[in-house]
file protein.cif (mmCIF, C-alpha atoms)
data_my_file
loop_
_atom_site.label_atom_id
_atom_site.label_comp_id
_atom_site.auth_asym_id
_atom_site.auth_seq_id
_atom_site.Cartn_x
_atom_site.Cartn_y
_atom_site.Cartn_z
CA MET S 1 0.00 0.00 0.00
CA ASN S 2 1.21 3.47 -0.90
CA ALA S 3 1.92 5.27 2.36
CA VAL S 4 2.58 8.66 0.80
CA ALA S 5 -0.47 9.63 -1.21
CA THR S 6 -3.34 10.31 1.13
CA ALA S 7 -5.46 12.44 -1.18
CA PRO S 8 -8.05 10.55 -3.17
CA THR S 9 -7.28 10.35 -6.87
CA ALA S 10 -10.53 10.71 -8.70
CA SER S 11 -10.48 8.49 -11.75
CA ALA S 12 -13.14 7.84 -14.32
CA THR S 13 -14.33 4.81 -12.40
CA THR S 14 -14.50 6.24 -8.89
CA THR S 15 -17.03 8.79 -7.83
CA SER S 16 -15.63 12.01 -6.42
CA ASP S 17 -18.53 12.54 -4.04
CA ALA S 18 -18.33 11.37 -0.48
CA THR S 19 -20.81 8.53 -0.62
CA LEU S 20 -20.24 6.00 2.16
CA SER S 21 -21.44 2.47 1.72
CA CYS S 22 -20.83 -1.10 2.69
CA ARG S 23 -21.68 -4.38 1.06
CA ASP S 24 -22.19 -7.79 2.61
CA LEU S 25 -20.33 -6.95 5.82
CA HIS S 26 -19.55 -9.73 8.25
CA LYS S 27 -18.02 -9.27 11.66
CA SER S 28 -17.81 -11.63 14.62
CA PHE S 29 -16.47 -11.21 18.11
CA GLY S 30 -15.13 -14.64 19.00
CA GLN S 31 -17.96 -17.06 18.25
CA THR S 32 -20.60 -14.34 18.32
CA PRO S 33 -21.58 -12.89 14.95
CA ALA S 34 -22.43 -9.17 15.15
CA LEU S 35 -22.83 -8.46 11.43
CA ARG S 36 -24.07 -11.10 9.03
CA GLY S 37 -24.19 -9.59 5.57
CA ALA S 38 -25.00 -5.94 6.24
CA ASP S 39 -25.60 -3.64 3.26
CA PHE S 40 -25.88 0.11 3.74
CA SER S 41 -25.38 3.31 1.80
CA VAL S 42 -25.59 6.99 2.60
CA ASP S 43 -25.33 9.90 0.18
CA GLN S 44 -23.27 12.99 0.81
CA GLY S 45 -25.13 15.43 3.04
CA GLU S 46 -27.74 12.89 4.06
CA ILE S 47 -28.68 12.30 7.69
CA VAL S 48 -29.54 8.67 8.42
CA ALA S 49 -30.57 7.03 11.68
CA ILE S 50 -29.54 3.44 12.35
CA MET S 51 -32.06 1.83 14.69
CA GLY S 52 -32.49 -1.66 16.04
CA PRO S 53 -32.64 -3.59 19.29
CA SER S 54 -29.57 -3.70 21.50
CA GLY S 55 -27.22 -6.41 20.37
CA SER S 56 -28.50 -6.18 16.79
CA GLY S 57 -25.10 -5.01 15.52
CA LYS S 58 -25.85 -1.34 14.93
CA SER S 59 -22.80 -0.01 16.79
CA THR S 60 -20.59 -2.60 15.11
CA LEU S 61 -21.91 -1.41 11.75
CA LEU S 62 -21.09 2.19 12.69
CA HIS S 63 -17.57 1.22 13.78
CA CYS S 64 -16.93 -0.71 10.56
CA LEU S 65 -18.20 2.18 8.42
CA ALA S 66 -15.97 4.58 10.35
CA GLY S 67 -12.88 2.43 9.89
CA ILE S 68 -12.57 1.84 13.63
CA LEU S 69 -13.24 -1.89 13.28
CA MET S 70 -12.15 -4.06 10.37
CA PRO S 71 -14.85 -6.38 9.01
CA ASP S 72 -14.13 -10.09 8.65
CA ALA S 73 -15.56 -9.98 5.12
CA GLY S 74 -17.31 -7.53 2.82
CA GLU S 75 -16.50 -4.06 1.53
CA VAL S 76 -16.59 -0.58 3.01
CA LEU S 77 -16.39 2.18 0.40
CA PHE S 78 -15.88 5.86 1.10
CA ALA S 79 -15.63 8.27 -1.84
CA GLY S 80 -14.62 5.40 -4.06
CA ARG S 81 -11.92 4.10 -1.69
CA ARG S 82 -11.93 0.70 0.01
CA VAL S 83 -11.75 1.51 3.73
CA ASP S 84 -11.58 -2.19 4.60
CA GLN S 85 -8.35 -2.56 2.61
CA MET S 86 -6.55 0.40 4.14
CA SER S 87 -3.71 0.03 6.62
CA GLU S 88 -4.31 1.06 10.20
CA ALA S 89 -2.31 4.24 9.54
CA ARG S 90 -4.41 5.17 6.52
CA ARG S 91 -7.66 4.51 8.37
CA SER S 92 -6.46 6.60 11.26
CA GLU S 93 -5.64 9.38 8.78
CA LEU S 94 -9.11 9.06 7.26
CA ARG S 95 -10.76 9.27 10.68
CA ARG S 96 -8.75 12.37 11.57
CA ARG S 97 -9.17 14.22 8.29
CA GLU S 98 -12.57 13.29 6.95
CA PHE S 99 -14.62 11.82 9.77
CA GLY S 100 -15.99 13.31 12.98
CA PHE S 101 -17.31 11.48 16.03
CA VAL S 102 -19.80 12.12 18.83
CA PHE S 103 -20.36 9.45 21.44
CA GLN S 104 -22.92 8.90 24.15
CA PHE S 105 -20.96 10.27 27.07
CA GLY S 106 -19.09 13.09 25.36
CA GLN S 107 -15.76 11.44 26.07
CA LEU S 108 -13.91 14.72 26.33
CA VAL S 109 -10.25 14.60 27.28
CA PRO S 110 -10.52 15.43 31.01
CA GLU S 111 -7.14 17.16 31.25
CA LEU S 112 -8.03 19.64 28.49
CA SER S 113 -10.27 22.70 28.59
CA ALA S 114 -13.46 22.87 26.53
CA GLU S 115 -11.65 25.04 24.01
CA GLU S 116 -8.73 22.65 23.73
CA ASN S 117 -11.09 19.71 23.36
CA ILE S 118 -12.84 21.37 20.43
CA ALA S 119 -9.53 22.38 18.81
CA LEU S 120 -8.14 18.86 19.18
CA PRO S 121 -9.24 17.38 15.83
CA LEU S 122 -7.73 20.37 14.01
CA LEU S 123 -4.45 20.09 15.89
CA LEU S 124 -4.34 16.36 15.18
CA ALA S 125 -4.95 17.11 11.51
CA GLY S 126 -1.86 19.33 11.55
CA ARG S 127 -3.48 22.77 11.64
CA ARG S 128 -1.52 25.54 13.37
CA ARG S 129 -2.51 26.34 16.95
CA PRO S 130 -3.78 29.93 16.47
CA GLU S 131 -5.91 28.84 13.55
CA ALA S 132 -7.23 25.78 15.41
CA PHE S 133 -8.15 27.79 18.51
CA ALA S 134 -9.78 30.55 16.47
CA ALA S 135 -11.93 27.92 14.76
CA ALA S 136 -12.75 26.28 18.09
CA ARG S 137 -13.81 29.58 19.67
CA ARG S 138 -16.30 30.22 16.87
CA TRP S 139 -18.37 27.30 18.16
CA PHE S 140 -18.99 28.66 21.64
CA ALA S 141 -21.61 31.32 20.89
CA PRO S 142 -23.85 29.27 18.56
CA LEU S 143 -23.79 26.36 21.03
CA GLY S 144 -24.65 28.61 23.96
CA LEU S 145 -21.32 27.87 25.62
CA ASP S 146 -20.00 31.42 25.91
CA GLY S 147 -17.73 31.88 28.89
CA LEU S 148 -17.02 28.16 29.30
CA GLU S 149 -13.91 28.09 27.09
CA GLY S 150 -11.54 27.37 29.98
CA ARG S 151 -13.66 24.78 31.80
CA ARG S 152 -12.59 21.15 32.00
CA SER S 153 -15.09 18.38 31.40
CA GLY S 154 -15.55 17.82 35.14
CA GLU S 155 -16.73 21.40 35.45
CA LEU S 156 -19.36 21.13 32.71
CA SER S 157 -22.92 19.80 32.97
CA GLY S 158 -23.92 16.77 30.90
CA GLY S 159 -25.57 18.94 28.28
CA GLU S 160 -22.60 21.32 28.10
CA SER S 161 -20.15 18.42 27.74
CA GLN S 162 -22.23 16.94 24.97
CA ARG S 163 -22.36 20.26 23.12
CA VAL S 164 -18.57 20.56 23.43
CA ALA S 165 -18.29 16.99 22.09
CA LEU S 166 -20.58 17.94 19.22
CA ALA S 167 -18.45 20.96 18.36
CA ARG S 168 -15.37 18.74 18.48
CA GLY S 169 -17.07 16.34 16.07
CA LEU S 170 -17.96 19.08 13.59
CA VAL S 171 -15.10 21.59 13.94
CA ALA S 172 -12.91 20.07 11.23
CA GLU S 173 -15.86 20.16 8.82
CA PRO S 174 -15.76 16.39 8.35
CA GLN S 175 -17.32 14.71 5.36
CA VAL S 176 -19.09 12.29 7.69
CA LEU S 177 -20.11 12.66 11.32
CA PHE S 178 -20.64 9.41 13.23
CA ALA S 179 -22.89 9.81 16.25
CA ASP S 180 -23.48 6.88 18.62
CA GLU S 181 -26.46 7.60 20.90
CA PRO S 182 -25.54 11.32 20.92
CA THR S 183 -28.29 12.20 23.43
CA GLY S 184 -28.12 8.97 25.39
CA SER S 185 -27.26 10.47 28.75
CA LEU S 186 -29.32 13.66 28.47
CA ASP S 187 -32.83 14.68 29.50
CA SER S 188 -35.46 15.43 26.81
CA LEU S 189 -34.92 19.18 26.60
CA THR S 190 -31.12 19.02 26.57
CA GLY S 191 -31.22 16.15 24.12
CA GLU S 192 -33.39 18.20 21.79
CA GLN S 193 -31.00 21.14 21.98
CA VAL S 194 -28.08 18.88 21.10
CA MET S 195 -29.99 17.38 18.16
CA ASP S 196 -31.08 20.82 16.91
CA LEU S 197 -27.45 21.95 16.96
CA LEU S 198 -26.18 18.75 15.42
CA VAL S 199 -28.59 18.90 12.51
CA ASP S 200 -28.12 22.64 11.93
CA GLY S 201 -24.33 22.32 12.02
CA ALA S 202 -24.28 19.31 9.73
CA ARG S 203 -26.67 20.86 7.20
CA ARG S 204 -24.64 24.06 7.09
CA GLN S 205 -21.45 22.13 6.30
CA ARG S 206 -23.13 19.50 4.12
CA THR S 207 -21.72 16.92 6.49
CA THR S 208 -23.19 13.45 6.13
CA VAL S 209 -24.46 12.17 9.49
CA ILE S 210 -24.92 8.60 10.63
CA ILE S 211 -26.69 8.39 13.98
CA VAL S 212 -27.01 5.19 15.93
CA THR S 213 -29.96 5.57 18.25
CA HIS S 214 -32.73 3.65 19.93
CA GLU S 215 -34.66 6.89 20.53
CA PRO S 216 -37.45 7.56 18.03
CA ARG S 217 -37.29 11.29 18.76
CA VAL S 218 -33.63 11.34 17.77
CA ALA S 219 -34.32 9.25 14.66
CA ALA S 220 -37.01 11.75 13.66
CA TYR S 221 -34.27 14.33 13.03
CA ALA S 222 -32.80 12.12 10.30
CA ASP S 223 -33.89 12.10 6.67
CA ARG S 224 -34.58 8.39 6.90
CA GLU S 225 -34.05 5.40 9.14
CA VAL S 226 -32.75 1.90 8.60
CA ILE S 227 -33.24 -1.02 10.98
CA VAL S 228 -30.46 -3.39 11.95
CA ARG S 229 -31.76 -6.79 12.95
CA ASP S 230 -29.70 -9.94 13.51
CA GLY S 231 -26.66 -8.36 11.88
CA ARG S 232 -28.42 -7.30 8.69
CA VAL S 233 -29.88 -4.01 7.56
CA ALA S 234 -33.60 -3.98 6.84
CA ASP S 235 -35.16 -1.38 4.59
CA PRO S 236 -38.29 -0.27 6.44
CA VAL S 237 -40.41 -0.14 3.31
CA ALA S 238 -38.95 -2.94 1.18
CA GLY S 239 -40.58 -5.71 3.22
CA VAL S 240 -44.06 -4.58 2.20
CA ALA S 241 -43.15 -2.80 -1.04
CA GLY S 242 -45.81 -2.08 -3.57
CA LEU S 243 -48.54 -1.67 -1.02
CA PRO S 244 -50.57 1.47 -0.50
CA GLU S 245 -49.22 4.31 1.59
CA PRO S 246 -50.98 4.94 4.89
CA ALA S 247 -53.78 7.44 4.77
CA LEU S 248 -52.09 10.35 6.53
CA SER S 249 -55.23 12.25 7.25
CA GLY S 250 -54.46 15.69 8.54
CA ALA S 251 -50.71 15.12 8.45
CA PRO S 252 -48.55 17.83 6.96
CA ARG S 253 -47.63 16.70 3.45
CA MET Q 1 -63.74 -2.23 10.76
CA SER Q 2 -60.79 -4.09 12.26
CA VAL Q 3 -63.21 -6.72 13.60
CA SER Q 4 -63.90 -7.92 10.07
CA TYR Q 5 -60.17 -8.31 9.38
CA ALA Q 6 -59.68 -10.11 12.66
CA LEU Q 7 -62.39 -12.60 11.70
CA LEU Q 8 -60.86 -12.97 8.24
CA GLY Q 9 -57.51 -13.70 9.87
CA LEU Q 10 -58.97 -16.32 12.17
CA LEU Q 11 -60.72 -17.90 9.19
CA GLU Q 12 -57.51 -17.95 7.18
CA HIS Q 13 -55.97 -19.84 10.08
CA GLU Q 14 -58.77 -22.40 9.81
CA PRO Q 15 -62.44 -22.55 8.77
CA SER Q 16 -64.66 -22.11 11.78
CA HIS Q 17 -68.13 -21.61 13.23
CA GLY Q 18 -69.48 -18.35 14.56
CA TYR Q 19 -69.32 -19.46 18.17
CA GLU Q 20 -65.72 -20.62 17.90
CA LEU Q 21 -64.77 -17.39 16.12
CA LYS Q 22 -66.20 -15.34 18.97
CA ARG Q 23 -64.30 -17.44 21.49
CA GLN Q 24 -61.02 -17.01 19.64
CA TYR Q 25 -61.60 -13.34 19.06
CA ASP Q 26 -62.23 -12.75 22.74
CA GLU Q 27 -59.12 -14.72 23.65
CA TYR Q 28 -56.78 -12.86 21.33
CA PHE Q 29 -58.28 -9.42 20.83
CA GLY Q 30 -61.27 -8.91 23.11
CA ARG Q 31 -59.84 -9.22 26.58
CA ASP Q 32 -61.25 -5.86 27.60
CA LYS Q 33 -64.15 -5.85 25.22
CA PRO Q 34 -65.67 -9.19 24.22
CA LEU Q 35 -67.31 -9.31 20.81
CA PRO Q 36 -71.12 -9.43 21.01
CA TYR Q 37 -72.70 -12.39 19.17
CA GLY Q 38 -74.81 -10.08 17.09
CA GLN Q 39 -71.71 -8.41 15.74
CA VAL Q 40 -70.07 -11.73 14.89
CA TYR Q 41 -72.96 -12.72 12.63
CA SER Q 42 -73.54 -9.28 11.16
CA THR Q 43 -69.84 -9.04 10.31
CA LEU Q 44 -69.78 -12.54 8.84
CA SER Q 45 -72.82 -11.89 6.70
CA ARG Q 46 -71.29 -8.65 5.42
CA LEU Q 47 -68.07 -10.53 4.61
CA ALA Q 48 -70.13 -13.22 2.80
CA ARG Q 49 -72.00 -10.57 0.84
CA ASP Q 50 -68.65 -9.04 -0.24
CA GLY Q 51 -67.35 -12.44 -1.34
CA ARG Q 52 -64.64 -12.55 1.31
CA VAL Q 53 -65.98 -15.60 3.15
CA LEU Q 54 -68.13 -18.57 2.21
CA ALA Q 55 -70.71 -20.19 4.46
CA GLU Q 56 -71.03 -23.95 4.17
CA GLY Q 57 -73.35 -26.57 5.57
CA THR Q 58 -76.51 -24.57 5.82
CA ALA Q 59 -79.32 -27.07 5.92
CA PRO Q 60 -82.77 -25.45 5.99
CA GLY Q 61 -83.97 -24.82 9.49
CA GLU Q 62 -80.52 -24.91 11.01
CA GLY Q 63 -79.45 -21.94 13.06
CA PRO Q 64 -76.53 -19.72 12.17
CA ASP Q 65 -74.37 -21.58 14.71
CA ARG Q 66 -74.24 -24.59 12.40
CA LYS Q 67 -72.70 -22.71 9.51
CA LEU Q 68 -69.04 -23.36 8.80
CA PHE Q 69 -67.30 -20.25 7.46
CA ALA Q 70 -64.19 -20.29 5.24
CA ILE Q 71 -62.12 -17.49 3.76
CA THR Q 72 -62.11 -16.94 -0.03
CA GLU Q 73 -59.15 -15.88 -2.18
CA GLU Q 74 -60.63 -12.43 -2.27
CA GLY Q 75 -60.79 -12.44 1.50
CA GLU Q 76 -57.15 -13.50 1.74
CA ALA Q 77 -56.08 -10.72 -0.59
CA ALA Q 78 -58.03 -8.13 1.41
CA LEU Q 79 -56.49 -9.38 4.65
CA ALA Q 80 -52.95 -9.32 3.19
CA THR Q 81 -53.38 -5.71 2.07
CA TRP Q 82 -54.75 -4.61 5.42
CA LEU Q 83 -51.98 -6.36 7.39
CA ALA Q 84 -49.19 -4.86 5.30
CA ARG Q 85 -50.57 -1.36 5.07
CA PRO Q 86 -49.28 0.77 7.94
CA GLU Q 87 -51.93 2.51 9.98
CA ALA Q 88 -52.05 6.28 9.81
CA PRO Q 89 -50.10 7.42 12.87
CA GLU Q 90 -52.91 8.64 15.06
CA PRO Q 91 -53.58 8.22 18.78
CA HIS Q 92 -55.12 5.06 20.23
CA LEU Q 93 -53.76 2.60 17.71
CA GLN Q 94 -52.64 0.02 20.24
CA THR Q 95 -55.60 -2.31 19.70
CA VAL Q 96 -55.32 -2.49 15.95
CA LEU Q 97 -51.51 -2.73 15.97
CA ALA Q 98 -51.59 -5.55 18.51
CA MET Q 99 -54.29 -7.25 16.43
CA LYS Q 100 -52.13 -7.09 13.31
CA VAL Q 101 -49.12 -8.53 15.10
CA ILE Q 102 -51.12 -11.41 16.58
CA LEU Q 103 -52.75 -12.22 13.24
CA ALA Q 104 -49.42 -12.01 11.39
CA LEU Q 105 -47.79 -14.41 13.84
CA LEU Q 106 -50.79 -16.75 13.80
CA LEU Q 107 -50.68 -16.85 9.99
CA GLU Q 108 -46.87 -16.98 9.80
CA ARG Q 109 -46.71 -13.74 7.86
CA PRO Q 110 -43.76 -11.29 8.13
CA ALA Q 111 -44.72 -9.50 11.34
CA SER Q 112 -41.33 -7.78 11.58
CA ALA Q 113 -41.69 -6.27 8.10
CA TYR Q 114 -45.15 -4.97 9.03
CA LEU Q 115 -43.75 -3.41 12.18
CA ASP Q 116 -40.88 -1.86 10.19
CA ALA Q 117 -43.42 -0.29 7.84
CA GLN Q 118 -45.47 0.94 10.78
CA ARG Q 119 -42.37 2.37 12.44
CA HIS Q 120 -41.55 4.12 9.18
CA ALA Q 121 -45.04 5.64 8.95
CA HIS Q 122 -44.79 6.84 12.55
CA LEU Q 123 -41.32 8.28 12.03
CA GLU Q 124 -42.44 10.10 8.88
CA ARG Q 125 -45.14 11.78 10.93
CA MET Q 126 -42.67 12.47 13.72
CA ARG Q 127 -40.23 14.02 11.23
CA ALA Q 128 -42.96 16.37 10.03
CA LEU Q 129 -43.82 17.29 13.63
CA THR Q 130 -40.15 17.73 14.52
CA ALA Q 131 -39.79 20.17 11.62
CA ILE Q 132 -42.83 22.08 12.90
CA ARG Q 133 -41.48 22.12 16.42
CA ARG Q 134 -38.17 23.54 15.26
CA GLU Q 135 -39.63 26.33 13.16
CA ALA Q 136 -43.04 27.13 14.60
CA PRO Q 137 -44.04 29.64 17.29
CA LEU Q 138 -44.02 28.26 20.82
CA VAL Q 139 -47.76 27.60 20.92
CA ASP Q 140 -47.59 25.31 17.88
CA ALA Q 141 -44.35 23.81 19.13
CA LEU Q 142 -46.06 22.81 22.37
CA LEU Q 143 -48.80 21.00 20.47
CA ALA Q 144 -46.25 19.33 18.21
CA ASP Q 145 -44.29 18.20 21.30
CA HIS Q 146 -47.41 16.61 22.72
CA ALA Q 147 -48.12 14.73 19.52
CA ILE Q 148 -44.45 13.67 19.32
CA PHE Q 149 -44.57 12.14 22.81
CA HIS Q 150 -47.69 10.18 21.90
CA LEU Q 151 -46.05 8.87 18.74
CA GLU Q 152 -43.02 8.01 20.83
CA ALA Q 153 -45.14 5.82 23.08
CA ASP Q 154 -46.35 3.87 20.06
CA LEU Q 155 -42.82 3.64 18.70
CA ARG Q 156 -41.54 2.27 21.99
CA TRP Q 157 -44.24 -0.35 21.82
CA ILE Q 158 -43.20 -1.16 18.23
CA GLU Q 159 -39.55 -1.55 19.31
CA LEU Q 160 -40.39 -3.78 22.24
CA THR Q 161 -42.80 -5.90 20.22
CA SER Q 162 -40.27 -6.25 17.38
CA ALA Q 163 -37.75 -7.53 19.88
CA ARG Q 164 -40.24 -10.01 21.34
CA LEU Q 165 -41.69 -11.47 18.13
CA GLY Q 166 -39.93 -14.80 18.53
CA GLN Q 167 -41.21 -15.27 22.04
CA LEU Q 168 -44.74 -14.15 21.08
CA ALA Q 169 -44.82 -16.57 18.14
CA LYS Q 170 -43.86 -19.42 20.43
CA GLU Q 171 -46.64 -18.54 22.85
CA LEU Q 172 -49.26 -18.28 20.12
CA ASN Q 173 -48.40 -21.54 18.41
CA ARG Q 174 -48.03 -23.54 21.58
#

call {"tool": "encode", "arguments": {"input": "protein.cif", "output": "structure tokens"}}
result
Amino acid sequence: MNAVATAPTASATTTSDATLSCRDLHKSFGQTPALRGADFSVDQGEIVAIMGPSGSGKSTLLHCLAGILMPDAGEVLFAGRRVDQMSEARRSELRRREFGFVFQFGQLVPELSAEENIALPLLLAGRRRPEAFAAARRWFAPLGLDGLEGRRSGELSGGESQRVALARGLVAEPQVLFADEPTGSLDSLTGEQVMDLLVDGARRQRTTVIIVTHEPRVAAYADREVIVRDGRVADPVAGVAGLPEPALSGAPR
Amino acid sequence: MSVSYALLGLLEHEPSHGYELKRQYDEYFGRDKPLPYGQVYSTLSRLARDGRVLAEGTAPGEGPDRKLFAITEEGEAALATWLARPEAPEPHLQTVLAMKVILALLLERPASAYLDAQRHAHLERMRALTAIRREAPLVDALLADHAIFHLEADLRWIELTSARLGQLAKELNR
């Protein structure tokens, strides 16, 4: 594998857009299969919710798509590149430069201030400190975090931490944001604020978002949902395709 | 309305008499609200008139209890369409959704696909309400929130039921 060229080379056969997809993914942990032939695709700028019962494989799917886990078999394609065939170093590069992450419990670096946490992805991507911090500071006002720049994660509320984590996920203007239960530890109101900000931020940057959630109210922020069941991805409408739409009396559109 | 589909479903499972249909209906769907006899026979005669069921074994002078009812192809098609078509996401759906799941399991039809479609219909409505909530004045947002929480209750039921289909099928076919 070529360790030098990190930029994608758009050829006639590869698409230059940032479509992310996987085909026939398999992944087991020991004897336990988590993915058993999962197919999934998301277009650039689309927001998709991955739902499914716990243990269905939805987090494993997210981790394989994000290049965190390597599948046992199958393909993961991002912008025409085979993520599943990349070296660890290349995948790590991809995660730093083109992907953003938000997890359930913020997972801020406790030794760093809120500002430093947000600047972190930019610093890791090799941006200069003044530039990285200027970009980080721009997130405080829109997220309602003004004045909290110097706080460490232990000095922030759950909602504040999660908003800092969200800013950290979006600050490098990633092509894809991966969010695993992004409101999992928050109350309804705070969770809604985080989702409002997430969706607004992603739409503004045309960032693709993949949200793993078991919360219908979070899934309702997405453009569409897919269901993971027994390690496979079910299309919610394919199972009963060709049948009449429900009569949405009184529903908007 | 859903009573006629419930009876069709029971008849697809096996041909039956009016009395037995009432007993099964009450067991599966009428725990809070048993089906009155009169409604069993009026529903069956309407279904017969529409060609969805056939009545057999009607010797002159025999009461309606002696009739054996069976589903027709037309009845099966009507039932299949009703089962697969998601209900419009409105309040108080629990009875009809539970009925569909029980019938689907009883008839070995794809209950999980039906629930996926229903979840999708609910989420579509929730998406529309979420958009309203985010853009509308507070008064409308409050109403949208209320509707969203009600949809959420249904969706939680759909999730739980989806996860328990295997167990429910075992219980039904015991």

call {"tool": "resolve_selection", "arguments": {"input": "protein.cif", "expression": "the PyMOL selection byres ((chain Q and resi 89) around 8)", "output": "number ranges by chain"}}
result
S: 248; Q: 87-88, 90-91, 93, 121-122, 125, 151

call {"tool": "resolve_selection", "arguments": {"input": "protein.cif", "expression": "the PyMOL selection byres ((chain S and resi 191) around 12)", "output": "list in words"}}
result
Gln104, Gly158, Gly159, Glu160, Ser161, Gln162, Arg163, Leu166, Glu181, Pro182, Thr183, Gly184, Ser185, Leu186, Asp187, Ser188, Leu189, Thr190, Glu192, Gln193, Val194, Met195, Asp196, Leu197, Leu198, Glu215, Arg217, Val218 and Tyr221 of chain S

call {"tool": "resolve_selection", "arguments": {"input": "protein.cif", "expression": "the PyMOL selection byres ((chain Q and resi 124) around 12)", "output": "PyMOL selection string"}}
result
(chain S and resi 216-217+219-225+236-237+245-246+248+251-253) or (chain Q and resi 86+88-89+117-123+125-131+148+151+155)

call {"tool": "write_last_selection", "arguments": {"input": "protein.cif", "atoms": "C-alpha atoms", "output": "PDB file, in the frame of the given file"}}
result
ATOM      1  CA  PRO S 216     -37.450   7.560  18.030  1.00  0.00           C
ATOM      2  CA  ARG S 217     -37.290  11.290  18.760  1.00  0.00           C
ATOM      3  CA  ALA S 219     -34.320   9.250  14.660  1.00  0.00           C
ATOM      4  CA  ALA S 220     -37.010  11.750  13.660  1.00  0.00           C
ATOM      5  CA  TYR S 221     -34.270  14.330  13.030  1.00  0.00           C
ATOM      6  CA  ALA S 222     -32.800  12.120  10.300  1.00  0.00           C
ATOM      7  CA  ASP S 223     -33.890  12.100   6.670  1.00  0.00           C
ATOM      8  CA  ARG S 224     -34.580   8.390   6.900  1.00  0.00           C
ATOM      9  CA  GLU S 225     -34.050   5.400   9.140  1.00  0.00           C
ATOM     10  CA  PRO S 236     -38.290  -0.270   6.440  1.00  0.00           C
ATOM     11  CA  VAL S 237     -40.410  -0.140   3.310  1.00  0.00           C
ATOM     12  CA  GLU S 245     -49.220   4.310   1.590  1.00  0.00           C
ATOM     13  CA  PRO S 246     -50.980   4.940   4.890  1.00  0.00           C
ATOM     14  CA  LEU S 248     -52.090  10.350   6.530  1.00  0.00           C
ATOM     15  CA  ALA S 251     -50.710  15.120   8.450  1.00  0.00           C
ATOM     16  CA  PRO S 252     -48.550  17.830   6.960  1.00  0.00           C
ATOM     17  CA  ARG S 253     -47.630  16.700   3.450  1.00  0.00           C
TER      18      ARG S 253
ATOM     19  CA  PRO Q  86     -49.280   0.770   7.940  1.00  0.00           C
ATOM     20  CA  ALA Q  88     -52.050   6.280   9.810  1.00  0.00           C
ATOM     21  CA  PRO Q  89     -50.100   7.420  12.870  1.00  0.00           C
ATOM     22  CA  ALA Q 117     -43.420  -0.290   7.840  1.00  0.00           C
ATOM     23  CA  GLN Q 118     -45.470   0.940  10.780  1.00  0.00           C
ATOM     24  CA  ARG Q 119     -42.370   2.370  12.440  1.00  0.00           C
ATOM     25  CA  HIS Q 120     -41.550   4.120   9.180  1.00  0.00           C
ATOM     26  CA  ALA Q 121     -45.040   5.640   8.950  1.00  0.00           C
ATOM     27  CA  HIS Q 122     -44.790   6.840  12.550  1.00  0.00           C
ATOM     28  CA  LEU Q 123     -41.320   8.280  12.030  1.00  0.00           C
ATOM     29  CA  ARG Q 125     -45.140  11.780  10.930  1.00  0.00           C
ATOM     30  CA  MET Q 126     -42.670  12.470  13.720  1.00  0.00           C
ATOM     31  CA  ARG Q 127     -40.230  14.020  11.230  1.00  0.00           C
ATOM     32  CA  ALA Q 128     -42.960  16.370  10.030  1.00  0.00           C
ATOM     33  CA  LEU Q 129     -43.820  17.290  13.630  1.00  0.00           C
ATOM     34  CA  THR Q 130     -40.150  17.730  14.520  1.00  0.00           C
ATOM     35  CA  ALA Q 131     -39.790  20.170  11.620  1.00  0.00           C
ATOM     36  CA  ILE Q 148     -44.450  13.670  19.320  1.00  0.00           C
ATOM     37  CA  LEU Q 151     -46.050   8.870  18.740  1.00  0.00           C
ATOM     38  CA  LEU Q 155     -42.820   3.640  18.700  1.00  0.00           C
TER      39      LEU Q 155
END

call {"tool": "closest_residue", "arguments": {"input": "protein.cif", "among": "Q:Leu115, Q:Val139, Q:Leu8, Q:Leu68", "to": "chain S", "atoms": "all atoms listed in the file"}}
result
Q:Leu115

call {"tool": "axis_aligned_box", "arguments": {"input": "protein.cif", "around": "stretch 127-140 of chain Q", "padding_each_side": "3 Å", "output": "AutoDock Vina command-line options"}}
result
--center_x -43.0 --center_y 21.8 --center_z 15.5 --size_x 15.6 --size_y 21.6 --size_z 16.9

call {"tool": "closest_residue", "arguments": {"input": "protein.cif", "among": "S:Val102, S:Ile210, S:Val228, S:Ala89", "to": "Q:Ala163", "atoms": "only C-alpha atoms"}}
result
S:Val228

call {"tool": "closest_residue", "arguments": {"input": "protein.cif", "among": "S:Leu145, S:Leu112, S:Ala49, S:Ala125", "to": "chain Q", "atoms": "only C-alpha atoms"}}
result
S:Ala49

call {"tool": "closest_residue", "arguments": {"input": "protein.cif", "among": "Q:Leu143, Q:Leu10, Q:Ala169, Q:Ala84", "to": "chain S", "atoms": "all atoms listed in the file"}}
result
Q:Ala84

call {"tool": "residues_near_point", "arguments": {"input": "protein.cif", "point": "(-68.0, -9.0, -2.1)", "cutoff": "12 Å", "atoms": "only C-alpha atoms", "output": "list in words"}}
result
Leu44, Ser45, Arg46, Leu47, Ala48, Arg49, Asp50, Gly51, Arg52, Val53, Leu54, Ile71, Thr72, Glu73, Glu74, Gly75 and Ala78 of chain Q

call {"tool": "atom_distance", "arguments": {"input": "protein.cif", "atom1": "atom CA of S:Val199", "atom2": "atom CA of S:Ile47"}}
result
8.2 Å

call {"tool": "residues_around", "arguments": {"input": "protein.cif", "residues": "Q:His92", "least_positions_apart": "6", "cutoff": "12 Å", "atoms": "all atoms listed in the file", "output": "PyMOL selection string"}}
result
chain Q and resi 98+147+150-151+153-154

call {"tool": "residues_near_point", "arguments": {"input": "protein.cif", "point": "(-10.3, 7.7, 15.1)", "cutoff": "10 Å", "atoms": "only C-alpha atoms", "output": "JSON, numbers by chain"}}
result
{"S": [63, 66, 67, 68, 91, 92, 93, 94, 95, 96, 97, 99, 100, 101, 121]}
